[in-house]
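**Student:** Here it is, the structure in full.
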Amino acid sequence: MSGGGSIANDGEAAAGGGGGGRGEVTFTVVMSCLTAGAGGLLLGYDIGVTGGVTQMESFLQAFFPEVLRKMSSAKQDAYCIFDSQVLNAFVSSFYLSTMVASLVAGHLTKTLGRRNSLLIAGVLFFAGTLLNLAAVNISMLIIGRILLGVAVGFSSLAAPVYLAEIAPARWRGAFTASIGLFGNLGFLMADMINYRATTMARWGWRLSLGAGIVPAVIVIVGAAFIPDTPNSLALRGRLDEARDSLRRIRGAADVDAELKDIVRAAEEDRRYESGALRRLLRREYRPHLVMAVLIMVFFEMTGAIVVAIFTPLLFYTVGFTSQKAILGSIITDVVSIVSVAAAAAVVDRHGRRRLFMVGGAVLILCQVAMAWIFGAQLGADGGRAMPRGYAVAVVALVCTYTAGLSVSWGSLSSVVTSEIFPLEVRSAALGLGGTISSALTFMQSQSFLEMLCSFKYGAFAYYAGWLVMMTAFVAAFLPETKGVPIESMGAVWAQHWYWRRFVQPAPAKQVDRPE
């Protein structure tokens, strides 16, 4: 296997791609990883604020009066209150632009650098927030959300790659999982602002949308002061800067041995600079292609994004007032933050597979229980009011679901996808995965409210079926990557009971040449 496999024998002492040589965590590493992790604030804040403002009376009165009328109707099907194509367009335009940005973000992250991509993301998020803050019609809202989506398209690719390349292998899982932690901090920040803004009669929605300036400024200021990764600098031929960056990261003057391995990996990457996506179709990259696609597909089909976006709407559907619905969302945010922190603490001790399996079992049970409660209490036509005890049970189930998601797919999907790819296909594979993820999120955000209106409680059973499938896939096909340096990852695939038939070159075939 080329690239990652070519230096697999260098071991822990020379893990060029993931800081595997030294286990120390310097101040520069901590600040750099916090800044990159803060890229998760952008996505987290937008998801959180969207779920809140879409059931905020002042916002609906200004832009979606037909939804407000349905909320006031006593005869309205509870499943269908928020079923509006224009409202769906407001939500999903963000994810459509994220998908488009993902198509080019891989190339630009490689040519401009990881740090510069984070800086671009912060600036674009700032601009999109200003446009939403000043919006006077739905067109301004959607254009602003397109800018926000492009920003998240860049940060979602650049941040995990930055973290994987700069963090010591011993702590890589914890540092990469910080993206999920910051994402959940963004949720909490947005919901707390929404909770206050929902009491403001006319301009509360402007406060909610405009406060996105805060996470944008955090990313901009942080990215202006952190170093780019040595891997990224070496890929662009800036070896002196790569050496200086490595010295800052490792806190040591003698970094020549590790730099040599980084340069070796970069030279291997240049040999295969063109045709990265075509290269993913080769036999030796078959495991990476499958994981790039399926990990992202499965993460989306946990229902994570739609629950994150529409939690306040879900709580409103079961009978809570707008403010209490947002309060319920705040509770789930706190549960999520604690769970993500717990996942970051144990992911490098207990491994990725075990957390995937435990989390998957919790998610399946929660989705099945939600389907039963909604079916039994709201009925098939959504015409009955849900008893308060069952409504509280829905909140408890969403909290349990959030905890299970945070310790498994919510944290580990980015951890696994950022570490399993060889350097020569890493950006292309992550770009492909990001595009697929954004496409699925767009489709779900565009269709979930309509699906809830049509499928009723069956929508939860739909996601439960996907969870059974993905948990079985992890059990059979995902190798354990705990503590393995990135550039030694080829050995993991070569030892797997199924994938080894692909990563080991077929004896009768000629070795692939660079394209």
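How things are named: the first chain in the structure tokens is A, the next is B, and so on; residues count from 1 in each chain; ligands count from 1 in the order shown.
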If we count only C-alpha atoms, what is near Asn184 (chain A) at a cut-off of 8 Å, once residues fewer than 4 positions away on the same chain are taken out, given as a list in words?
**Tutor:**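 Residues near the query, excluding close chain neighbours: Leu41, Gly44, Gly180, Leu188, Asp333, Ser336 and Ile337 of chain A.
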**Student:** Using only all heavy atoms, please write the residues we just selected to a file, as a PDB file, in the first residue's frame.
**Tutor:**
```
ATOM      1  N   LEU A  41     -17.809  24.987  16.823  1.00  0.00           N
ATOM      2  CA  LEU A  41     -18.751  25.995  17.307  1.00  0.00           C
ATOM      3  C   LEU A  41     -19.631  26.513  16.178  1.00  0.00           C
ATOM      4  O   LEU A  41     -20.812  26.811  16.384  1.00  0.00           O
ATOM      5  CB  LEU A  41     -17.992  27.172  17.925  1.00  0.00           C
ATOM      6  CG  LEU A  41     -17.521  27.075  19.371  1.00  0.00           C
ATOM      7  CD1 LEU A  41     -16.702  28.305  19.718  1.00  0.00           C
ATOM      8  CD2 LEU A  41     -18.691  26.926  20.330  1.00  0.00           C
ATOM      9  N   GLY A  44     -22.274  23.899  15.395  1.00  0.00           N
ATOM     10  CA  GLY A  44     -23.123  23.733  16.573  1.00  0.00           C
ATOM     11  C   GLY A  44     -24.028  24.924  16.799  1.00  0.00           C
ATOM     12  O   GLY A  44     -25.229  24.765  17.075  1.00  0.00           O
ATOM     13  N   GLY A 180     -16.572  17.637  18.515  1.00  0.00           N
ATOM     14  CA  GLY A 180     -17.918  17.358  19.000  1.00  0.00           C
ATOM     15  C   GLY A 180     -18.240  18.130  20.259  1.00  0.00           C
ATOM     16  O   GLY A 180     -19.374  18.602  20.444  1.00  0.00           O
ATOM     17  N   LEU A 188     -25.470  24.669  23.056  1.00  0.00           N
ATOM     18  CA  LEU A 188     -25.872  25.236  24.343  1.00  0.00           C
ATOM     19  C   LEU A 188     -25.917  26.757  24.283  1.00  0.00           C
ATOM     20  O   LEU A 188     -26.867  27.390  24.773  1.00  0.00           O
ATOM     21  CB  LEU A 188     -24.908  24.777  25.439  1.00  0.00           C
ATOM     22  CG  LEU A 188     -25.190  25.309  26.846  1.00  0.00           C
ATOM     23  CD1 LEU A 188     -26.570  24.870  27.327  1.00  0.00           C
ATOM     24  CD2 LEU A 188     -24.109  24.840  27.818  1.00  0.00           C
ATOM     25  N   ASP A 333     -28.690  19.718  25.679  1.00  0.00           N
ATOM     26  CA  ASP A 333     -27.348  20.239  25.382  1.00  0.00           C
ATOM     27  C   ASP A 333     -26.377  19.925  26.510  1.00  0.00           C
ATOM     28  O   ASP A 333     -25.224  19.527  26.265  1.00  0.00           O
ATOM     29  CB  ASP A 333     -27.392  21.755  25.172  1.00  0.00           C
ATOM     30  CG  ASP A 333     -28.147  22.150  23.915  1.00  0.00           C
ATOM     31  OD1 ASP A 333     -28.266  21.304  23.011  1.00  0.00           O
ATOM     32  OD2 ASP A 333     -28.613  23.301  23.853  1.00  0.00           O
ATOM     33  N   SER A 336     -25.481  16.370  26.440  1.00  0.00           N
ATOM     34  CA  SER A 336     -24.580  16.104  25.320  1.00  0.00           C
ATOM     35  C   SER A 336     -23.153  16.523  25.636  1.00  0.00           C
ATOM     36  O   SER A 336     -22.196  15.803  25.327  1.00  0.00           O
ATOM     37  CB  SER A 336     -25.086  16.834  24.072  1.00  0.00           C
ATOM     38  OG  SER A 336     -24.306  16.505  22.949  1.00  0.00           O
ATOM     39  N   ILE A 337     -22.981  17.691  26.247  1.00  0.00           N
ATOM     40  CA  ILE A 337     -21.633  18.171  26.582  1.00  0.00           C
ATOM     41  C   ILE A 337     -20.948  17.227  27.554  1.00  0.00           C
ATOM     42  O   ILE A 337     -19.776  16.860  27.379  1.00  0.00           O
ATOM     43  CB  ILE A 337     -21.707  19.598  27.166  1.00  0.00           C
ATOM     44  CG1 ILE A 337     -22.098  20.593  26.066  1.00  0.00           C
ATOM     45  CG2 ILE A 337     -20.374  20.001  27.792  1.00  0.00           C
ATOM     46  CD1 ILE A 337     -22.415  21.978  26.584  1.00  0.00           C
TER      47      ILE A 337
END
```
**Student:** Looking only at helix (DSSP H, G or I) from DSSP on the backbone, list the matching residues of region 118-278 of chain A as JSON, numbers by chain.
**Tutor:** {"A": [118, 119, 120, 121, 122, 123, 124, 125, 126, 127, 128, 129, 130, 131, 132, 133, 138, 139, 140, 141, 142, 143, 144, 145, 146, 147, 148, 149, 150, 151, 152, 153, 154, 155, 156, 157, 158, 159, 160, 161, 162, 163, 164, 165, 166, 169, 170, 171, 172, 173, 174, 175, 176, 177, 178, 179, 180, 181, 182, 183, 184, 185, 186, 187, 188, 189, 190, 191, 192, 193, 194, 195, 196, 197, 204, 205, 206, 207, 208, 209, 210, 213, 214, 215, 216, 217, 218, 219, 220, 221, 222, 223, 224, 225, 230, 231, 232, 233, 234, 235, 239, 240, 241, 242, 243, 244, 245, 246, 247, 248, 249, 250, 256, 257, 258, 259, 260, 261, 262, 263, 264, 265, 266, 267, 268, 269, 270, 271, 276, 277, 278]}
**Student:** Which is closer to Trp171 (chain A) than all the others in A:Tyr463, A:Ala385, A:Val29, A:Asn137, using only C-alpha atoms?
**Tutor:**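 Using only C-alpha atoms, the shortest distance to Trp171 (chain A) belongs to A:Val29.
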**Student:** Using only C-alpha atoms, determine which residues lie at most 12 Å from Thr129 (chain A), disregarding the query and same-chain residues fewer than 5 positions distant; provide the list as an MDAnalysis selection string.
**Tutor:** chainID A and resid 42 45:46 49 122:124 134:135 140:149 151 206:217
**Student:** For region 284-339 of chain A versus region 428-432 of chain A, which residues have an atom no more than 10 Å away, and what is each residue's nearest atom pair and distance in Å rounded to one decimal, using only C-alpha atoms, chain-then-number order, as a tab-separated table?
**Tutor:**
```
residue	atom	partner	partner_atom	distance
A:His288	CA	A:Ala429	CA	7.7
A:Leu289	CA	A:Ala429	CA	7.1
A:Met291	CA	A:Ala429	CA	9.2
A:Ala292	CA	A:Ala429	CA	6.0
A:Val293	CA	A:Leu432	CA	7.5
A:Met296	CA	A:Leu432	CA	9.5
```
